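One file, start_13.txt, carrying compact mmCIF, C-alpha atoms:
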```txt
# COMPACT_ATOMS: atom_id res chain seq x y z
CA MET A 1089 51.88 -29.38 17.05
CA LYS A 1090 49.91 -26.14 17.20
CA ALA A 1091 46.98 -25.90 19.60
CA LEU A 1092 44.20 -23.36 19.99
CA ILE A 1093 42.59 -22.95 23.41
CA THR A 1094 39.31 -21.10 23.73
CA GLY A 1095 38.97 -19.53 27.16
CA ALA A 1096 42.75 -19.64 27.54
CA ASN A 1097 42.74 -17.06 30.34
CA GLY A 1098 40.33 -19.05 32.51
CA PHE A 1099 41.04 -21.46 35.35
CA THR A 1100 41.15 -24.65 33.28
CA GLY A 1101 42.37 -22.92 30.11
CA SER A 1102 45.40 -21.33 31.76
CA HIS A 1103 46.51 -24.61 33.34
CA LEU A 1104 46.13 -26.24 29.93
CA VAL A 1105 48.27 -23.52 28.34
CA LYS A 1106 51.10 -24.13 30.81
CA THR A 1107 51.00 -27.90 30.41
CA LEU A 1108 50.95 -27.76 26.61
CA LEU A 1109 53.88 -25.33 26.55
CA ASN A 1110 55.83 -27.65 28.85
CA LYS A 1111 55.16 -30.48 26.39
CA GLY A 1112 56.55 -28.46 23.49
CA TYR A 1113 53.32 -27.38 21.84
CA SER A 1114 52.93 -24.05 20.07
CA VAL A 1115 49.92 -22.49 21.78
CA ARG A 1116 47.42 -19.90 20.58
CA GLY A 1117 44.81 -18.55 22.97
CA LEU A 1118 41.47 -17.03 22.06
CA VAL A 1119 40.58 -14.28 24.53
CA ARG A 1120 38.25 -11.30 24.58
CA LYS A 1121 39.58 -7.75 24.70
CA SER A 1122 37.95 -7.37 28.11
CA SER A 1123 39.54 -10.57 29.49
CA ASP A 1124 41.68 -10.62 32.62
CA LEU A 1125 45.00 -11.98 31.34
CA SER A 1126 46.79 -12.21 34.69
CA ARG A 1127 46.82 -16.03 34.57
CA LEU A 1128 48.78 -15.88 31.30
CA GLU A 1129 51.50 -13.46 32.39
CA ASN A 1130 55.03 -14.37 31.24
CA LEU A 1131 53.80 -17.31 29.13
CA ASP A 1132 54.96 -17.84 25.56
CA ILE A 1133 51.48 -17.85 24.06
CA GLU A 1134 50.10 -16.19 20.95
CA LEU A 1135 46.94 -14.29 21.82
CA ILE A 1136 44.10 -13.75 19.37
CA TYR A 1137 41.44 -11.30 20.45
CA GLY A 1138 37.99 -12.46 19.48
CA ASP A 1139 34.81 -14.06 20.75
CA ILE A 1140 33.31 -17.49 20.13
CA THR A 1141 29.96 -15.81 19.54
CA ASP A 1142 31.50 -13.89 16.59
CA LYS A 1143 32.21 -16.42 13.86
CA ASN A 1144 34.29 -14.01 11.79
CA SER A 1145 36.68 -13.35 14.67
CA LEU A 1146 37.27 -17.09 15.00
CA LYS A 1147 38.65 -17.56 11.50
CA GLU A 1148 42.03 -15.99 12.31
CA ALA A 1149 42.24 -18.00 15.52
CA ILE A 1150 41.64 -21.36 13.83
CA LYS A 1151 43.88 -20.79 10.82
CA ASP A 1152 46.92 -23.15 10.76
CA ILE A 1153 45.80 -24.96 13.92
CA ASP A 1154 46.18 -28.73 14.41
CA VAL A 1155 44.06 -29.25 17.53
CA ILE A 1156 41.42 -27.19 19.34
CA PHE A 1157 40.71 -27.41 23.05
CA HIS A 1158 37.33 -25.76 23.55
CA THR A 1159 37.14 -24.78 27.23
CA ALA A 1160 35.32 -21.41 26.97
CA ALA A 1161 31.91 -21.39 28.66
CA TYR A 1162 29.57 -19.31 30.79
CA VAL A 1163 29.55 -21.26 34.07
CA GLU A 1164 27.16 -20.04 36.75
CA LEU A 1165 24.15 -21.12 38.79
CA GLY A 1166 21.31 -19.06 40.18
CA LEU A 1167 19.98 -15.86 38.66
CA VAL A 1168 21.89 -15.68 35.38
CA ASN A 1169 21.53 -14.05 31.99
CA GLU A 1170 20.05 -17.07 30.20
CA GLU A 1171 20.18 -15.46 26.76
CA LYS A 1172 23.87 -14.68 27.14
CA MET A 1173 24.55 -18.18 28.48
CA ARG A 1174 22.85 -19.79 25.49
CA LYS A 1175 24.74 -17.54 23.08
CA ILE A 1176 28.10 -18.51 24.59
CA ASN A 1177 27.56 -22.16 25.48
CA VAL A 1178 25.42 -23.25 22.53
CA GLU A 1179 25.83 -20.81 19.64
CA GLY A 1180 29.52 -20.24 20.42
CA THR A 1181 30.17 -23.98 20.42
CA GLN A 1182 28.37 -24.36 17.11
CA ASN A 1183 30.57 -21.64 15.58
CA ILE A 1184 33.69 -23.49 16.70
CA LEU A 1185 32.36 -26.80 15.37
CA GLU A 1186 31.45 -25.38 11.96
CA LEU A 1187 34.84 -23.78 11.42
CA ALA A 1188 36.74 -26.78 12.76
CA LEU A 1189 34.98 -28.95 10.18
CA ASP A 1190 35.55 -26.43 7.39
CA TYR A 1191 39.26 -26.06 8.19
CA GLY A 1192 39.90 -29.79 8.45
CA LEU A 1193 41.22 -29.87 12.01
CA LYS A 1194 43.15 -32.98 13.02
CA LYS A 1195 41.44 -33.15 16.43
CA MET A 1196 39.12 -31.18 18.69
CA VAL A 1197 38.56 -31.73 22.40
CA TYR A 1198 35.35 -30.34 23.82
CA CYS A 1199 35.20 -29.63 27.55
CA SER A 1200 31.72 -30.77 28.50
CA THR A 1201 30.45 -31.61 32.00
CA ILE A 1202 29.12 -34.62 33.92
CA GLY A 1203 25.98 -32.49 34.27
CA ILE A 1204 24.83 -33.58 30.80
CA PHE A 1205 23.86 -36.93 32.34
CA GLY A 1206 21.37 -35.21 34.63
CA ASP A 1207 20.54 -36.29 38.17
CA THR A 1208 21.70 -39.89 38.64
CA GLN A 1209 20.07 -39.94 42.11
CA GLY A 1210 23.27 -41.15 43.72
CA LYS A 1211 23.93 -43.97 41.26
CA VAL A 1212 27.53 -44.16 40.00
CA ILE A 1213 27.34 -44.10 36.20
CA ASN A 1214 29.74 -44.23 33.25
CA GLU A 1215 29.77 -42.82 29.72
CA THR A 1216 27.07 -45.24 28.49
CA PHE A 1217 24.43 -43.81 30.84
CA GLN A 1218 21.30 -42.42 29.16
CA ARG A 1219 19.86 -39.35 30.86
CA THR A 1220 16.63 -40.15 32.74
CA GLN A 1221 15.97 -36.69 34.20
CA LYS A 1222 13.30 -35.18 31.94
CA ASP A 1223 13.60 -31.57 33.04
CA PHE A 1224 16.69 -29.42 33.57
CA SER A 1225 18.08 -28.12 36.85
CA SER A 1226 19.47 -24.82 35.54
CA ALA A 1227 20.19 -22.72 32.47
CA TYR A 1228 23.75 -24.04 32.62
CA ASP A 1229 22.42 -27.61 32.67
CA ILE A 1230 20.31 -27.21 29.54
CA THR A 1231 22.82 -25.13 27.54
CA LYS A 1232 25.65 -27.61 28.10
CA TYR A 1233 23.29 -30.47 27.22
CA GLU A 1234 22.31 -28.77 23.97
CA ALA A 1235 25.95 -27.98 23.16
CA GLN A 1236 26.86 -31.63 23.70
CA LYS A 1237 24.15 -32.67 21.23
CA LEU A 1238 25.75 -30.37 18.65
CA VAL A 1239 29.17 -31.90 19.29
CA ASP A 1240 27.70 -35.37 18.80
CA GLU A 1241 26.11 -34.28 15.51
CA TYR A 1242 29.39 -32.91 14.16
CA ALA A 1243 31.24 -36.09 15.14
CA LYS A 1244 28.79 -37.98 12.91
CA LYS A 1245 29.55 -35.50 10.11
CA GLY A 1246 33.19 -36.48 10.30
CA LEU A 1247 34.68 -33.91 12.66
CA PRO A 1248 37.41 -35.63 14.73
CA VAL A 1249 36.06 -34.41 18.08
CA VAL A 1250 36.05 -36.08 21.48
CA SER A 1251 34.24 -34.91 24.60
CA ILE A 1252 35.63 -34.91 28.11
CA MET A 1253 33.27 -34.65 31.09
CA PRO A 1254 34.98 -33.28 34.20
CA SER A 1255 33.46 -33.55 37.63
CA GLY A 1256 34.17 -30.71 40.10
CA ILE A 1257 37.43 -29.07 39.04
CA PHE A 1258 39.67 -28.25 42.02
CA GLY A 1259 42.95 -26.38 42.42
CA ALA A 1260 44.60 -23.78 44.61
CA ASP A 1261 43.48 -21.04 42.20
CA ASP A 1262 40.01 -22.51 41.70
CA PRO A 1263 37.59 -19.55 41.55
CA HIS A 1264 34.74 -21.57 43.08
CA PHE A 1265 36.03 -23.72 45.96
CA GLY A 1266 39.36 -21.90 46.29
CA PRO A 1267 37.92 -18.96 48.27
CA VAL A 1268 36.12 -21.46 50.53
CA PHE A 1269 39.36 -23.29 51.27
CA LYS A 1270 41.08 -19.97 52.03
CA LEU A 1271 38.36 -19.04 54.51
CA PHE A 1272 38.73 -22.46 56.11
CA LEU A 1273 42.52 -22.13 56.43
CA ASN A 1274 42.09 -18.72 58.03
CA ASN A 1275 39.66 -20.34 60.50
CA LYS A 1276 36.88 -18.04 59.29
CA LEU A 1277 34.53 -20.65 57.86
CA LYS A 1278 32.25 -21.39 60.79
CA LEU A 1279 29.03 -22.38 58.98
CA TRP A 1280 28.32 -24.54 55.94
CA VAL A 1281 25.24 -25.62 54.02
CA GLY A 1282 24.66 -29.19 52.83
CA GLY A 1283 27.46 -31.21 54.40
CA ASP A 1284 26.00 -34.41 52.91
CA ARG A 1285 26.19 -33.12 49.35
CA ILE A 1286 28.38 -35.42 47.26
CA THR A 1287 30.88 -33.62 45.04
CA GLY A 1288 32.92 -35.19 42.26
CA ILE A 1289 36.56 -34.12 42.34
CA VAL A 1290 39.36 -33.83 39.80
CA HIS A 1291 42.53 -31.78 40.20
CA VAL A 1292 42.80 -29.20 37.41
CA ASP A 1293 46.28 -30.42 36.46
CA ASP A 1294 45.02 -34.01 36.19
CA LEU A 1295 42.12 -32.73 34.12
CA VAL A 1296 44.36 -31.04 31.55
CA GLU A 1297 46.53 -34.16 31.33
CA GLY A 1298 43.37 -36.10 30.56
CA MET A 1299 42.37 -33.56 27.91
CA ILE A 1300 45.74 -33.89 26.17
CA LEU A 1301 45.52 -37.70 26.30
CA ALA A 1302 42.04 -37.44 24.79
CA SER A 1303 43.44 -35.36 21.93
CA GLU A 1304 46.12 -38.00 21.30
CA LYS A 1305 44.26 -41.25 21.92
CA GLY A 1306 40.56 -40.47 22.20
CA LYS A 1307 38.16 -42.16 19.78
CA ILE A 1308 36.21 -39.78 17.57
CA GLY A 1309 32.76 -39.08 18.99
CA ASP A 1310 33.53 -40.76 22.32
CA TYR A 1311 32.93 -39.43 25.82
CA TYR A 1312 35.56 -39.56 28.57
CA ILE A 1313 34.60 -38.81 32.16
CA LEU A 1314 37.49 -37.26 34.08
CA SER A 1315 36.91 -37.70 37.79
CA SER A 1316 39.09 -39.07 40.59
CA GLY A 1317 36.08 -39.94 42.75
CA ASP A 1318 33.78 -38.08 45.10
CA LEU A 1319 33.34 -37.00 48.70
CA THR A 1320 30.72 -35.23 50.73
CA THR A 1321 31.66 -31.66 51.60
CA ARG A 1322 31.76 -32.71 55.26
CA GLU A 1323 34.36 -35.36 54.39
CA MET A 1324 36.37 -32.77 52.46
CA PHE A 1325 36.53 -30.46 55.46
CA ALA A 1326 37.39 -33.40 57.72
CA ILE A 1327 40.44 -34.23 55.55
CA LEU A 1328 41.56 -30.59 55.61
CA GLY A 1329 40.91 -30.45 59.34
CA GLU A 1330 43.11 -33.49 59.99
CA LYS A 1331 46.06 -31.67 58.45
CA THR A 1332 45.43 -28.26 59.99
CA GLY A 1333 43.69 -28.94 63.29
CA ILE A 1334 40.87 -26.63 62.20
CA SER A 1335 37.35 -27.74 63.13
CA VAL A 1336 34.81 -28.76 60.49
CA PRO A 1337 32.28 -25.94 59.91
CA GLN A 1338 29.00 -26.30 61.74
CA GLU A 1339 26.08 -27.49 59.65
CA VAL A 1340 23.30 -24.97 59.01
CA PRO A 1341 19.93 -26.72 59.56
CA LYS A 1342 18.27 -27.57 56.25
CA PHE A 1343 15.01 -25.79 57.07
CA LEU A 1344 16.89 -22.60 57.91
CA ALA A 1345 19.01 -22.77 54.75
CA ILE A 1346 15.85 -23.15 52.66
CA ILE A 1347 14.18 -20.17 54.33
CA VAL A 1348 17.24 -17.96 53.87
CA GLY A 1349 17.79 -19.15 50.30
CA ASN A 1350 14.20 -18.40 49.29
CA ILE A 1351 14.39 -14.92 50.81
CA LEU A 1352 17.71 -14.17 49.08
CA ASP A 1353 16.25 -15.46 45.81
CA ILE A 1354 13.42 -12.90 46.00
CA ILE A 1355 15.84 -10.10 46.88
CA GLY A 1356 18.09 -11.12 44.01
CA ARG A 1357 15.27 -11.03 41.47
CA ILE A 1358 14.17 -7.60 42.63
CA SER A 1359 17.67 -6.11 42.69
CA SER A 1360 19.22 -8.01 39.71
CA TRP A 1361 21.72 -9.67 42.06
CA ASN A 1362 22.80 -13.31 41.99
CA PRO A 1363 22.88 -14.31 45.68
CA PRO A 1364 25.33 -16.92 47.01
CA LEU A 1365 22.35 -19.03 48.08
CA GLY A 1366 19.03 -19.24 46.23
CA LYS A 1367 16.44 -21.76 45.02
CA GLU A 1368 18.61 -23.16 42.24
CA ARG A 1369 21.68 -23.63 44.42
CA LEU A 1370 19.51 -25.24 47.12
CA HIS A 1371 18.29 -27.71 44.51
CA TYR A 1372 21.88 -28.65 43.67
CA VAL A 1373 22.82 -28.94 47.34
CA TYR A 1374 19.88 -30.96 48.65
CA LYS A 1375 18.22 -32.73 45.70
CA ARG A 1376 20.53 -33.29 42.74
CA CYS A 1377 23.26 -35.93 42.93
CA VAL A 1378 25.45 -36.88 39.95
CA ARG A 1379 28.01 -39.61 40.61
CA VAL A 1380 30.40 -40.88 37.96
CA SER A 1381 33.28 -43.24 37.28
CA GLY A 1382 36.46 -42.19 35.46
CA ALA A 1383 37.51 -45.79 34.77
CA LYS A 1384 37.17 -45.55 30.97
CA ALA A 1385 39.70 -42.70 30.72
CA CYS A 1386 42.12 -44.65 32.89
CA GLN A 1387 41.75 -47.82 30.83
CA GLU A 1388 41.62 -46.39 27.29
CA LEU A 1389 43.71 -43.22 27.58
CA GLY A 1390 46.19 -44.28 30.23
CA TRP A 1391 44.98 -41.46 32.49
CA ASN A 1392 46.37 -41.71 36.03
CA PRO A 1393 44.92 -38.99 38.28
CA ARG A 1394 45.79 -38.47 41.92
CA SER A 1395 43.22 -39.60 44.52
CA VAL A 1396 40.61 -37.21 45.88
CA GLN A 1397 42.43 -37.24 49.22
CA GLN A 1398 45.75 -36.38 47.58
CA THR A 1399 44.05 -33.66 45.55
CA LEU A 1400 42.89 -31.95 48.73
CA ARG A 1401 46.28 -32.38 50.41
CA ASP A 1402 48.06 -30.88 47.39
CA ILE A 1403 45.71 -27.90 47.30
CA LEU A 1404 46.22 -27.37 51.02
CA HIS A 1405 50.00 -27.48 50.48
CA ASP A 1406 49.85 -24.96 47.64
CA LEU A 1407 47.59 -22.58 49.54
CA THR A 1408 49.81 -22.79 52.64
CA ILE A 1409 52.93 -21.97 50.57
CA ASN A 1410 51.21 -19.00 48.92
CA LYS A 1411 49.92 -17.83 52.30
CA ASN A 1412 53.43 -17.84 53.72
```

Is it possible to give me this structure as structure tokens?
Amino acid sequence: MKALITGANGFTGSHLVKTLLNKGYSVRGLVRKSSDLSRLENLDIELIYGDITDKNSLKEAIKDIDVIFHTAAYVELGLVNEEKMRKINVEGTQNILELALDYGLKKMVYCSTIGIFGDTQGKVINETFQRTQKDFSSAYDITKYEAQKLVDEYAKKGLPVVSIMPSGIFGADDPHFGPVFKLFLNNKLKLWVGGDRITGIVHVDDLVEGMILASEKGKIGDYYILSSGDLTTREMFAILGEKTGISVPQEVPKFLAIIVGNILDIIGRISSWNPPLGKERLHYVYKRCVRVSGAKACQELGWNPRSVQQTLRDILHDLTINKN
């Protein structure tokens, strides 16, 4: 079986490459010439240099492929280049879909997000949930929603595509929460914003196993949420603290976080800088809450992810080994 992975050099993509190779797949990765390929070092992967926004460059990548795993995306909150994000997340996905249909692919797995469901206001939902949030929380939110609509349209046209919706993707080399965990382990994380924020969690290696199962068993046009459960960030730090003896970071008062975030947002707009805390991130921390169930993937695909507690313990173990 020959697989193409878009975004092969990324966090999720690189873990998928390794797992597929271990399962005996022949793997081709689509990467840009400017991509950092350090995650793919010493791996037996065929690299094709191209860009999902350039349809012509995709033709060589898709040729002779059995299954596509489309993981490439522009993932960011705050002050982003919305035009670039739309080009990558929406137009790039459409290019992949068109060529996959033309070339008669056996299967395509699209890496979507639980964000397409919008704010569930704390209600735990499944794949049948119909979005009730009328507006959109971010450029990322709307571009992934629009891309999902395209995927749904192509499934109706006969493309054998399934969509997986990960919650928060965690791992020792996670570019988002990984640095936070490292600061915590070094006892340098003294303050934190939004300890009550609920975060869905799935280990990156469990995610890629779910993606492969979706390619093998997933029903065409179906959605599969891949999430082990959720915790508040305060609960996450408490679990890590139990194992390390490190104290949970002190909570920054909400009013102070809002003041600082609004100031940084203004500075960012003036200086073309995306601050670590701004209006959009504050919205995600204090107002938006998406909670999901991964039961369907477990029941229909035979997916068996580790618990959220075990996920955190495994990441802590991996980071401690690398630290030593």

Leaving out segment 1277-1288 of chain A and any residue of its chain fewer than 6 positions from it, which residues lie within 6 Å of it when counting all atoms listed in the file, given as a PyMOL selection string? chain A and resi 1255-1256+1271+1317-1322+1337-1340+1373

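A straight line drawn from atom CA of Ala1243 of chain A to atom CA of Lys1175 of chain A is 21.2 Å long.
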
Nearest to Phe1217 of chain A by atom-to-atom distance, counting all atoms listed in the file, from A:Gly1266, A:Gly1203, A:Gly1349, A:Gly1329: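 Between A:Gly1266, A:Gly1203, A:Gly1349, A:Gly1329, the residue approaching Phe1217 of chain A most closely is A:Gly1203.
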
Rank nothing, just name the residue among A:Ile1133, A:Ala1149, A:Leu1365, A:Ala1385 nearest to Ile1347 of chain A, using all atoms listed in the file.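 Of the candidates, the smallest distance to Ile1347 of chain A is held by A:Leu1365.
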
To one decimal in Å, tell me the separation between atom CA of Ile1308 of chain A and atom CA of Val1250 of chain A. 5.4 Å

Box for segment 1148-1165 of chain A - axis-aligned, 6 Å on each of the six sides, all listed atoms - centre and size in Å to one decimal, as JSON.
```
{"center_x": 35.5, "center_y": -22.6, "center_z": 24.8, "size_x": 34.8, "size_y": 25.3, "size_z": 40.0}
```

Please provide the set of residues having any atom within 6 Å of Thr1159 of chain A, restricted to only C-alpha atoms, with same-chain residues fewer than 2 positions apart removed, written as a PyMOL selection string. chain A and resi 1094-1095+1199

Using the selection just defined, write its residues with C-alpha atoms as a JSON list (two decimals), in the coordinates of the input.
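For reference, selection.json as written:
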```json
[["chain", "number", "residue", "atom", "x", "y", "z"],
["A", 1094, "THR", "CA", 39.31, -21.10, 23.73],
["A", 1095, "GLY", "CA", 38.97, -19.53, 27.16],
["A", 1199, "CYS", "CA", 35.20, -29.63, 27.55]]
```

So the first atom is atom CA of Ser1360 of chain A and the second is atom CA of Leu1344 of chain A; what is the distance between them in Å, to one decimal place?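 Result for atom CA of Ser1360 of chain A versus atom CA of Leu1344 of chain A: 23.4 Å, one decimal.
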
Name the residues within 9 Å of (34.1, -41.5, 25.1), counting only C-alpha atoms in the file's coordinates, and put them as a list in words.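 Checked against the point, the hits come out as Glu1215, Thr1216, Val1250, Ser1251, Ile1252, Ala1302, Gly1306, Lys1307, Ile1308, Gly1309, Asp1310, Tyr1311, Tyr1312, Ile1313, Lys1384 and Ala1385 of chain A.
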
So, counting only C-alpha atoms, which residue among A:Phe1157, A:Tyr1191, A:Phe1224, A:Tyr1137 is closest to Arg1376 of chain A?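 Looking at the shortest contact to Arg1376 of chain A, the residue is A:Phe1224.
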